[in-house]
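Source file: final-v4.txt; contents: compact mmCIF, C-alpha atoms.
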```
# COMPACT_ATOMS: atom_id res chain seq x y z
CA MET A 30 -4.81 -16.67 5.81
CA LYS A 31 -4.70 -19.90 7.67
CA ASP A 32 -7.60 -20.91 9.84
CA LYS A 33 -5.68 -21.44 13.08
CA PRO A 34 -4.56 -18.37 15.04
CA MET A 35 -0.89 -17.81 15.80
CA ILE A 36 -1.90 -16.06 19.04
CA ARG A 37 -5.17 -16.60 20.87
CA VAL A 38 -6.09 -14.69 24.01
CA VAL A 39 -9.22 -15.90 25.82
CA GLY A 40 -10.95 -14.07 28.69
CA LEU A 41 -7.82 -12.23 29.82
CA HIS A 42 -8.06 -10.31 33.10
CA LYS A 43 -5.26 -8.34 34.71
CA TYR A 44 -5.35 -6.46 38.01
CA PHE A 45 -2.81 -4.13 39.56
CA ASP A 46 -3.86 -4.26 43.21
CA ASP A 47 -7.55 -3.25 43.11
CA LEU A 48 -7.40 -1.73 39.64
CA GLU A 49 -8.71 -4.00 36.89
CA VAL A 50 -6.71 -3.02 33.80
CA LEU A 51 -7.89 -5.79 31.44
CA LYS A 52 -11.49 -6.91 31.80
CA GLY A 53 -11.88 -10.12 29.84
CA VAL A 54 -10.05 -9.53 26.56
CA ASP A 55 -10.47 -12.00 23.66
CA LEU A 56 -8.11 -11.62 20.72
CA SER A 57 -6.95 -13.80 17.83
CA VAL A 58 -3.98 -13.02 15.57
CA TYR A 59 -3.55 -15.14 12.45
CA PRO A 60 -0.31 -16.04 10.62
CA GLY A 61 0.86 -13.17 8.42
CA GLU A 62 -1.60 -10.75 9.99
CA VAL A 63 -0.64 -7.26 11.19
CA VAL A 64 -2.81 -6.19 14.11
CA SER A 65 -2.55 -2.66 15.52
CA ILE A 66 -3.87 -1.93 19.00
CA ILE A 67 -4.99 1.65 19.56
CA GLY A 68 -6.62 3.47 22.45
CA GLY A 69 -6.13 6.23 24.97
CA SER A 70 -3.60 6.33 27.78
CA GLY A 71 -4.40 3.78 30.47
CA SER A 72 -6.69 1.72 28.24
CA GLY A 73 -4.56 -1.42 28.79
CA LYS A 74 -2.74 -1.61 25.44
CA SER A 75 0.81 -2.16 26.73
CA THR A 76 -0.46 -4.39 29.55
CA LEU A 77 -2.16 -6.65 26.99
CA LEU A 78 1.07 -6.95 25.01
CA ARG A 79 3.12 -7.62 28.16
CA CYS A 80 0.65 -10.31 29.28
CA ILE A 81 0.91 -12.05 25.88
CA ASN A 82 4.69 -12.25 26.42
CA PHE A 83 4.35 -13.12 30.13
CA LEU A 84 6.23 -10.00 31.19
CA GLU A 85 3.12 -9.38 33.29
CA LYS A 86 1.35 -12.25 35.01
CA LYS A 87 -2.29 -12.55 34.02
CA ASN A 88 -4.88 -12.99 36.78
CA LYS A 89 -7.38 -14.94 34.70
CA GLY A 90 -7.77 -16.24 31.17
CA ASP A 91 -5.70 -18.29 28.73
CA ILE A 92 -3.02 -17.49 26.17
CA TYR A 93 -2.23 -19.84 23.30
CA ILE A 94 0.71 -19.59 20.92
CA GLY A 95 -0.20 -21.83 18.01
CA GLU A 96 -1.83 -24.89 19.54
CA LYS A 97 0.08 -24.59 22.81
CA LYS A 98 -1.52 -23.12 25.90
CA ILE A 99 1.14 -21.17 27.79
CA VAL A 100 1.23 -21.60 31.53
CA SER A 101 3.56 -19.74 33.84
CA GLU A 102 6.18 -22.48 34.19
CA LYS A 103 9.65 -21.18 33.32
CA HIS A 104 10.14 -23.79 30.59
CA ASP A 105 6.90 -22.75 28.86
CA VAL A 106 7.64 -19.05 29.09
CA ASN A 107 11.20 -19.46 27.76
CA GLN A 108 9.87 -21.43 24.79
CA LEU A 109 7.25 -18.73 24.22
CA ARG A 110 9.89 -16.00 24.16
CA GLU A 111 11.87 -17.87 21.53
CA ARG A 112 8.79 -17.77 19.30
CA VAL A 113 7.59 -14.27 20.16
CA GLY A 114 9.93 -11.29 19.63
CA MET A 115 9.32 -8.07 21.55
CA VAL A 116 10.39 -4.50 20.83
CA PHE A 117 9.87 -1.95 23.62
CA GLN A 118 9.38 1.82 23.81
CA ARG A 119 12.82 2.11 25.38
CA PHE A 120 15.35 0.21 23.36
CA ASN A 121 16.78 -1.88 26.24
CA LEU A 122 20.09 -2.44 24.45
CA PHE A 123 23.14 -3.56 26.41
CA PRO A 124 25.17 -0.32 26.64
CA HIS A 125 28.55 -2.07 26.94
CA LYS A 126 28.02 -4.11 23.77
CA THR A 127 28.22 -2.92 20.15
CA ALA A 128 25.22 -3.01 17.82
CA LEU A 129 26.55 -6.27 16.34
CA GLN A 130 27.10 -7.86 19.75
CA ASN A 131 23.60 -6.86 20.87
CA VAL A 132 22.08 -8.64 17.85
CA MET A 133 24.32 -11.73 18.20
CA MET A 134 23.73 -12.27 21.91
CA GLY A 135 20.31 -14.00 21.91
CA PRO A 136 21.15 -16.65 19.31
CA ILE A 137 24.46 -17.47 21.06
CA VAL A 138 23.18 -17.50 24.65
CA ILE A 139 19.66 -18.86 24.21
CA LYS A 140 19.80 -20.85 20.96
CA LYS A 141 23.42 -21.97 21.46
CA GLU A 142 24.37 -20.97 17.91
CA GLU A 143 28.01 -20.96 16.83
CA LYS A 144 29.55 -17.51 17.11
CA GLU A 145 30.41 -17.27 13.39
CA ASP A 146 26.88 -18.27 12.34
CA ALA A 147 25.34 -15.76 14.75
CA LYS A 148 27.68 -13.04 13.47
CA LYS A 149 26.79 -13.72 9.83
CA LYS A 150 23.07 -13.57 10.62
CA ALA A 151 23.47 -10.44 12.77
CA LEU A 152 25.33 -8.60 9.98
CA ALA A 153 22.58 -9.53 7.52
CA LEU A 154 19.94 -8.21 9.93
CA LEU A 155 21.83 -4.94 10.49
CA HIS A 156 21.91 -4.60 6.70
CA LYS A 157 18.16 -5.26 6.60
CA VAL A 158 17.47 -2.40 9.05
CA GLY A 159 19.89 -0.07 7.22
CA LEU A 160 22.72 -0.10 9.76
CA ASP A 161 25.58 -1.90 7.99
CA ASP A 162 27.95 0.91 8.93
CA LYS A 163 27.03 0.88 12.65
CA ALA A 164 27.95 -2.74 13.50
CA ASP A 165 30.87 -1.78 15.76
CA VAL A 166 29.23 1.26 17.33
CA TYR A 167 27.99 1.32 20.94
CA PRO A 168 24.37 2.33 21.72
CA ALA A 169 25.38 5.66 23.32
CA MET A 170 26.75 6.79 19.95
CA LEU A 171 23.56 5.93 18.05
CA SER A 172 20.45 8.07 17.61
CA GLY A 173 17.20 6.88 19.17
CA GLY A 174 15.96 5.73 15.78
CA GLN A 175 19.14 3.77 15.16
CA GLN A 176 18.95 2.18 18.61
CA GLN A 177 15.36 1.11 17.95
CA ARG A 178 16.37 -0.42 14.62
CA VAL A 179 19.12 -2.39 16.39
CA ALA A 180 16.47 -3.55 18.89
CA ILE A 181 14.29 -4.75 16.00
CA ALA A 182 17.26 -6.60 14.45
CA ARG A 183 17.98 -8.16 17.86
CA ALA A 184 14.40 -9.45 18.15
CA LEU A 185 14.50 -10.79 14.56
CA ALA A 186 17.76 -12.64 15.28
CA MET A 187 15.77 -15.12 17.37
CA GLU A 188 13.74 -15.96 14.21
CA PRO A 189 10.40 -15.47 15.98
CA ASP A 190 7.04 -16.55 14.58
CA VAL A 191 5.47 -13.27 15.69
CA MET A 192 6.73 -9.80 16.66
CA LEU A 193 5.18 -7.60 19.35
CA PHE A 194 5.87 -3.85 19.23
CA ASP A 195 5.05 -1.76 22.29
CA GLU A 196 4.77 1.85 21.05
CA PRO A 197 8.09 1.50 19.20
CA THR A 198 8.25 5.19 18.21
CA SER A 199 6.92 6.93 21.33
CA ALA A 200 10.38 7.62 22.81
CA LEU A 201 11.76 9.02 19.54
CA ASP A 202 12.13 12.58 18.32
CA PRO A 203 9.57 13.22 15.56
CA GLU A 204 12.19 13.32 12.78
CA LEU A 205 13.37 9.80 13.69
CA VAL A 206 9.95 8.12 13.72
CA GLY A 207 9.83 7.50 9.96
CA GLU A 208 12.98 5.38 9.80
CA VAL A 209 11.62 2.94 12.40
CA LEU A 210 8.15 2.78 10.82
CA GLN A 211 9.79 2.05 7.46
CA VAL A 212 11.50 -1.06 8.90
CA ILE A 213 8.20 -2.26 10.45
CA LYS A 214 6.40 -1.65 7.15
CA GLN A 215 9.05 -3.73 5.34
CA LEU A 216 8.42 -6.60 7.79
CA ALA A 217 4.67 -6.29 7.16
CA ASP A 218 5.29 -6.46 3.39
CA GLU A 219 7.34 -9.63 3.95
CA GLY A 220 4.42 -11.29 5.77
CA MET A 221 5.71 -11.16 9.35
CA THR A 222 2.94 -11.70 11.91
CA MET A 223 2.89 -8.60 14.11
CA VAL A 224 0.97 -6.99 16.95
CA ILE A 225 1.70 -3.26 17.24
CA VAL A 226 0.62 -0.94 20.03
CA THR A 227 0.88 2.50 18.45
CA HIS A 228 -0.21 6.14 18.51
CA GLU A 229 0.69 6.51 14.83
CA MET A 230 -2.79 6.39 13.33
CA ALA A 231 -1.84 6.96 9.69
CA PHE A 232 0.76 4.21 9.94
CA ALA A 233 -1.69 1.81 11.64
CA LYS A 234 -4.18 2.47 8.86
CA GLU A 235 -1.56 1.82 6.19
CA VAL A 236 0.05 -1.41 7.43
CA SER A 237 -2.64 -3.21 9.44
CA ASP A 238 -5.00 -5.99 8.46
CA LYS A 239 -6.95 -5.48 11.67
CA ILE A 240 -7.35 -2.62 14.16
CA VAL A 241 -8.24 -3.31 17.79
CA TYR A 242 -9.54 -0.37 19.83
CA LEU A 243 -9.16 -0.79 23.58
CA TYR A 244 -11.19 1.35 25.96
CA GLU A 245 -10.87 0.99 29.72
CA GLY A 246 -9.65 -2.60 29.52
CA ILE A 247 -12.13 -3.99 27.01
CA ILE A 248 -12.05 -4.31 23.23
CA ALA A 249 -14.67 -1.73 22.31
CA GLU A 250 -14.29 -2.15 18.56
CA VAL A 251 -12.36 -4.31 16.13
CA GLY A 252 -12.32 -4.31 12.34
CA THR A 253 -10.39 -3.52 9.19
CA PRO A 254 -8.59 -0.15 9.05
CA GLU A 255 -11.37 1.16 6.79
CA GLU A 256 -14.12 0.03 9.19
CA VAL A 257 -12.44 1.43 12.29
CA PHE A 258 -11.05 4.69 10.93
CA ASP A 259 -13.64 5.63 8.29
CA PHE A 260 -16.83 4.17 9.77
CA PRO A 261 -16.34 3.89 13.56
CA LYS A 262 -19.40 2.70 15.49
CA ASP A 263 -18.32 3.05 19.12
CA GLU A 264 -18.93 6.57 20.51
CA THR A 265 -15.69 6.61 22.54
CA LEU A 266 -13.75 5.58 19.43
CA LYS A 267 -15.31 8.43 17.45
CA LYS A 268 -14.13 10.89 20.12
CA PHE A 269 -10.70 9.29 20.29
CA LEU A 270 -10.19 9.58 16.53
CA ALA A 271 -11.57 13.13 16.48
CA GLY A 272 -8.90 14.04 19.05
CA PHE A 273 -6.22 12.80 16.67
CA SER A 274 -7.58 14.52 13.59
CA SER A 275 -7.79 17.83 15.46
CA GLN A 276 -4.07 17.55 16.29
CA GLU A 277 -3.08 17.17 12.63
```
Let me see the file written as structure tokens.
Amino acid sequence: MKDKPMIRVVGLHKYFDDLEVLKGVDLSVYPGEVVSIIGGSGSGKSTLLRCINFLEKKNKGDIYIGEKKIVSEKHDVNQLRERVGMVFQRFNLFPHKTALQNVMMGPIVIKKEEKEDAKKKALALLHKVGLDDKADVYPAMLSGGQQQRVAIARALAMEPDVMLFDEPTSALDPELVGEVLQVIKQLADEGMTMVIVTHEMAFAKEVSDKIVYLYEGIIAEVGTPEEVFDFPKDETLKKFLAGFSSQE
């Protein structure tokens, strides 16, 4: 692993009105690292991810992508979004465009790529996520798992340095979860830098280099999957994990 972080979050605070959701979060993500963020509902996981991508405005603190400190100017944020791909709980596909058109759109509109080049790349990405045969199909005719895989291909089409996943399987029927996790695991195996907010504990344990446990807006524990899952120190983390094991 390289010494310099790909993402560095320093002293991040976020309020919604009087509610402080993030209370001074520090986080570093290194090139090629897979970091999973876990924690209970309302702990600030999705807010942290959305602040990193400037979908939410931070109240205090700094965010660096590589060496560059991101401020809220439009130019900065647009550059950031070219480098940082995001996949949401809800797939956010354009309903009136086919799977292929959804994947092609970013490179054509934002990167000004030639249509033929964008098409070639989009077809290769649909192949990568196992959807060669769905290129001309509209989102309404795809399963939730297929829509999420198109959304992953769409984010990858921008050739980002890092991918953020905000609970990518939480809106899916249980039988469709595996196909999406398989694609994310493949990206991890290929060395893609990723930050994943997830409730899938077994998956987080399998693919992550680092686990971050958020509790009430602070990082209560951070470590390797083995340290966090097998030898948790924080009392609230122990209870949180016990809740999961009792559901299995």
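Closest approach to A:Val224 among A:Ser57, A:Asn82, A:Ser70, A:Ser65 is made by A:Ser65 (distances from only C-alpha atoms).
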Requested in this report: Anything within 6 Å of (14.3, 1.7, 11.7): list those residues as a VMD selection string, counting all atoms listed in the file and sticking to the file's coordinates.
Outcome: chain A and resid 158 174 178 208 to 209 212
Report task. Please provide as a ChimeraX atom specification all residues within 9 Å of A:Arg110, with the sequence filter that same-chain residues fewer than 4 positions apart are discarded (counting only C-alpha atoms). Result -> /A:82-83,105-106,114-115,189
Query raised in the report: Taking all atoms listed in the file into account, which of A:Lys268, A:Pro168, A:Asn131, A:Gly207 comes nearest A:Arg183?
Result: A:Asn131
Requested in this report: Could you check how far atom CA of A:Pro261 sits from atom CA of A:Val58, in Å to one decimal?
Outcome: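 So the answer is 21.0 Å.
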Query raised in the report: Can you tell me, as a list of chain:residue names, which residues sit within 12 Å of (2.9, -27.2, 18.7) in the file's frame, using all atoms listed in the file?
Result: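 Taken together, the residues in range are A:Lys33, A:Met35, A:Tyr93, A:Ile94, A:Gly95, A:Glu96, A:Lys97, A:Lys98, A:Ile99, A:Asp105, A:Gln108, A:Leu109, A:Arg112.
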Selection file, C-alpha atoms, as a PDB file, in the coordinates of the input:
```pdb
ATOM      1  CA  LYS A  33      -5.680 -21.440  13.080  1.00  0.00           C
ATOM      2  CA  MET A  35      -0.890 -17.810  15.800  1.00  0.00           C
ATOM      3  CA  TYR A  93      -2.230 -19.840  23.300  1.00  0.00           C
ATOM      4  CA  ILE A  94       0.710 -19.590  20.920  1.00  0.00           C
ATOM      5  CA  GLY A  95      -0.200 -21.830  18.010  1.00  0.00           C
ATOM      6  CA  GLU A  96      -1.830 -24.890  19.540  1.00  0.00           C
ATOM      7  CA  LYS A  97       0.080 -24.590  22.810  1.00  0.00           C
ATOM      8  CA  LYS A  98      -1.520 -23.120  25.900  1.00  0.00           C
ATOM      9  CA  ILE A  99       1.140 -21.170  27.790  1.00  0.00           C
ATOM     10  CA  ASP A 105       6.900 -22.750  28.860  1.00  0.00           C
ATOM     11  CA  GLN A 108       9.870 -21.430  24.790  1.00  0.00           C
ATOM     12  CA  LEU A 109       7.250 -18.730  24.220  1.00  0.00           C
ATOM     13  CA  ARG A 112       8.790 -17.770  19.300  1.00  0.00           C
TER      14      ARG A 112
END
```
Query - Which of A:Val206, A:Leu51, A:Leu193, A:Leu171 sits closest to A:Thr222 [using only C-alpha atoms] - result: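 Looking only at the distances to A:Thr222, the closest residue turns out to be A:Leu193.
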Query - Surrounding residues of A:Asp263 excluding itself and chain neighbours under 2 positions, 10 Å, all atoms listed in the file, as a PyMOL selection string - result: chain A and resi 242+249-251+257+260-261+265-269
Query - Selection: 7 Å around stretch 225-238 of chain A, all atoms listed in the file, excl. self and same-chain fewer than 6 positions, as a ChimeraX atom specification - result: /A:62-67,74-75,193-196,214,217,253-254
Report task. Find the distance between atom CA of A:Tyr167 and atom CA of A:Val138 and write it in Å to one decimal. Result ->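 Distance reported for this atom pair: 19.8 Å.
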Taking all heavy atoms as the atom set, what does stretch 210-221 of chain A look like once completed, written as a PDB file, in the frame of the given file?
```pdb
ATOM      1  N   LEU A 210       9.393   3.247  11.450  1.00  0.00           N
ATOM      2  CA  LEU A 210       8.150   2.780  10.820  1.00  0.00           C
ATOM      3  C   LEU A 210       8.430   2.125   9.476  1.00  0.00           C
ATOM      4  O   LEU A 210       7.759   1.155   9.097  1.00  0.00           O
ATOM      5  CB  LEU A 210       7.164   3.945  10.655  1.00  0.00           C
ATOM      6  CG  LEU A 210       6.649   4.579  11.952  1.00  0.00           C
ATOM      7  CD1 LEU A 210       5.638   5.677  11.638  1.00  0.00           C
ATOM      8  CD2 LEU A 210       6.022   3.548  12.892  1.00  0.00           C
ATOM      9  N   GLN A 211       9.442   2.626   8.759  1.00  0.00           N
ATOM     10  CA  GLN A 211       9.790   2.050   7.460  1.00  0.00           C
ATOM     11  C   GLN A 211      10.233   0.599   7.600  1.00  0.00           C
ATOM     12  O   GLN A 211       9.871  -0.269   6.803  1.00  0.00           O
ATOM     13  CB  GLN A 211      10.896   2.898   6.811  1.00  0.00           C
ATOM     14  CG  GLN A 211      11.205   2.520   5.367  1.00  0.00           C
ATOM     15  CD  GLN A 211       9.971   2.504   4.473  1.00  0.00           C
ATOM     16  OE1 GLN A 211       9.130   3.393   4.524  1.00  0.00           O
ATOM     17  NE2 GLN A 211       9.838   1.452   3.663  1.00  0.00           N
ATOM     18  N   VAL A 212      11.029   0.314   8.657  1.00  0.00           N
ATOM     19  CA  VAL A 212      11.500  -1.060   8.900  1.00  0.00           C
ATOM     20  C   VAL A 212      10.304  -1.965   9.235  1.00  0.00           C
ATOM     21  O   VAL A 212      10.201  -3.095   8.744  1.00  0.00           O
ATOM     22  CB  VAL A 212      12.542  -1.094  10.054  1.00  0.00           C
ATOM     23  CG1 VAL A 212      12.853  -2.525  10.458  1.00  0.00           C
ATOM     24  CG2 VAL A 212      13.819  -0.380   9.626  1.00  0.00           C
ATOM     25  N   ILE A 213       9.375  -1.458  10.073  1.00  0.00           N
ATOM     26  CA  ILE A 213       8.200  -2.260  10.450  1.00  0.00           C
ATOM     27  C   ILE A 213       7.327  -2.513   9.219  1.00  0.00           C
ATOM     28  O   ILE A 213       6.808  -3.617   9.020  1.00  0.00           O
ATOM     29  CB  ILE A 213       7.398  -1.559  11.575  1.00  0.00           C
ATOM     30  CG1 ILE A 213       8.280  -1.399  12.817  1.00  0.00           C
ATOM     31  CG2 ILE A 213       6.144  -2.363  11.919  1.00  0.00           C
ATOM     32  CD1 ILE A 213       7.655  -0.542  13.916  1.00  0.00           C
ATOM     33  N   LYS A 214       7.200  -1.497   8.372  1.00  0.00           N
ATOM     34  CA  LYS A 214       6.400  -1.650   7.150  1.00  0.00           C
ATOM     35  C   LYS A 214       7.018  -2.722   6.239  1.00  0.00           C
ATOM     36  O   LYS A 214       6.310  -3.549   5.655  1.00  0.00           O
ATOM     37  CB  LYS A 214       6.315  -0.318   6.400  1.00  0.00           C
ATOM     38  CG  LYS A 214       5.418  -0.387   5.176  1.00  0.00           C
ATOM     39  CD  LYS A 214       5.256   0.946   4.505  1.00  0.00           C
ATOM     40  CE  LYS A 214       4.232   0.892   3.389  1.00  0.00           C
ATOM     41  NZ  LYS A 214       4.348  -0.247   2.469  1.00  0.00           N
ATOM     42  N   GLN A 215       8.351  -2.720   6.150  1.00  0.00           N
ATOM     43  CA  GLN A 215       9.050  -3.730   5.340  1.00  0.00           C
ATOM     44  C   GLN A 215       8.742  -5.137   5.869  1.00  0.00           C
ATOM     45  O   GLN A 215       8.483  -6.063   5.090  1.00  0.00           O
ATOM     46  CB  GLN A 215      10.556  -3.451   5.395  1.00  0.00           C
ATOM     47  CG  GLN A 215      11.395  -4.367   4.531  1.00  0.00           C
ATOM     48  CD  GLN A 215      12.892  -4.172   4.789  1.00  0.00           C
ATOM     49  OE1 GLN A 215      13.332  -3.144   5.306  1.00  0.00           O
ATOM     50  NE2 GLN A 215      13.680  -5.175   4.446  1.00  0.00           N
ATOM     51  N   LEU A 216       8.744  -5.293   7.198  1.00  0.00           N
ATOM     52  CA  LEU A 216       8.420  -6.600   7.790  1.00  0.00           C
ATOM     53  C   LEU A 216       6.984  -7.000   7.457  1.00  0.00           C
ATOM     54  O   LEU A 216       6.695  -8.165   7.174  1.00  0.00           O
ATOM     55  CB  LEU A 216       8.598  -6.552   9.315  1.00  0.00           C
ATOM     56  CG  LEU A 216      10.029  -6.378   9.836  1.00  0.00           C
ATOM     57  CD1 LEU A 216      10.021  -6.245  11.353  1.00  0.00           C
ATOM     58  CD2 LEU A 216      10.912  -7.547   9.412  1.00  0.00           C
ATOM     59  N   ALA A 217       6.072  -6.017   7.506  1.00  0.00           N
ATOM     60  CA  ALA A 217       4.670  -6.290   7.160  1.00  0.00           C
ATOM     61  C   ALA A 217       4.570  -6.766   5.710  1.00  0.00           C
ATOM     62  O   ALA A 217       3.865  -7.739   5.403  1.00  0.00           O
ATOM     63  CB  ALA A 217       3.818  -5.029   7.370  1.00  0.00           C
ATOM     64  N   ASP A 218       5.303  -6.088   4.810  1.00  0.00           N
ATOM     65  CA  ASP A 218       5.290  -6.460   3.390  1.00  0.00           C
ATOM     66  C   ASP A 218       5.833  -7.866   3.170  1.00  0.00           C
ATOM     67  O   ASP A 218       5.458  -8.556   2.226  1.00  0.00           O
ATOM     68  CB  ASP A 218       6.110  -5.456   2.561  1.00  0.00           C
ATOM     69  CG  ASP A 218       5.463  -4.075   2.500  1.00  0.00           C
ATOM     70  OD1 ASP A 218       4.247  -3.977   2.811  1.00  0.00           O
ATOM     71  OD2 ASP A 218       6.160  -3.100   2.173  1.00  0.00           O
ATOM     72  N   GLU A 219       6.744  -8.299   4.071  1.00  0.00           N
ATOM     73  CA  GLU A 219       7.340  -9.630   3.950  1.00  0.00           C
ATOM     74  C   GLU A 219       6.467 -10.717   4.591  1.00  0.00           C
ATOM     75  O   GLU A 219       6.808 -11.899   4.563  1.00  0.00           O
ATOM     76  CB  GLU A 219       8.722  -9.646   4.620  1.00  0.00           C
ATOM     77  CG  GLU A 219       9.757  -8.834   3.858  1.00  0.00           C
ATOM     78  CD  GLU A 219      11.030  -8.613   4.671  1.00  0.00           C
ATOM     79  OE1 GLU A 219      11.149  -9.183   5.773  1.00  0.00           O
ATOM     80  OE2 GLU A 219      11.913  -7.880   4.188  1.00  0.00           O
ATOM     81  N   GLY A 220       5.348 -10.302   5.208  1.00  0.00           N
ATOM     82  CA  GLY A 220       4.420 -11.290   5.770  1.00  0.00           C
ATOM     83  C   GLY A 220       4.679 -11.679   7.208  1.00  0.00           C
ATOM     84  O   GLY A 220       4.159 -12.696   7.684  1.00  0.00           O
ATOM     85  N   MET A 221       5.461 -10.884   7.928  1.00  0.00           N
ATOM     86  CA  MET A 221       5.710 -11.160   9.350  1.00  0.00           C
ATOM     87  C   MET A 221       4.422 -10.933  10.155  1.00  0.00           C
ATOM     88  O   MET A 221       3.750  -9.925   9.968  1.00  0.00           O
ATOM     89  CB  MET A 221       6.833 -10.249   9.860  1.00  0.00           C
ATOM     90  CG  MET A 221       7.047 -10.257  11.372  1.00  0.00           C
ATOM     91  SD  MET A 221       7.571 -11.837  12.075  1.00  0.00           S
ATOM     92  CE  MET A 221       9.321 -11.839  11.727  1.00  0.00           C
TER      93      MET A 221
END
```
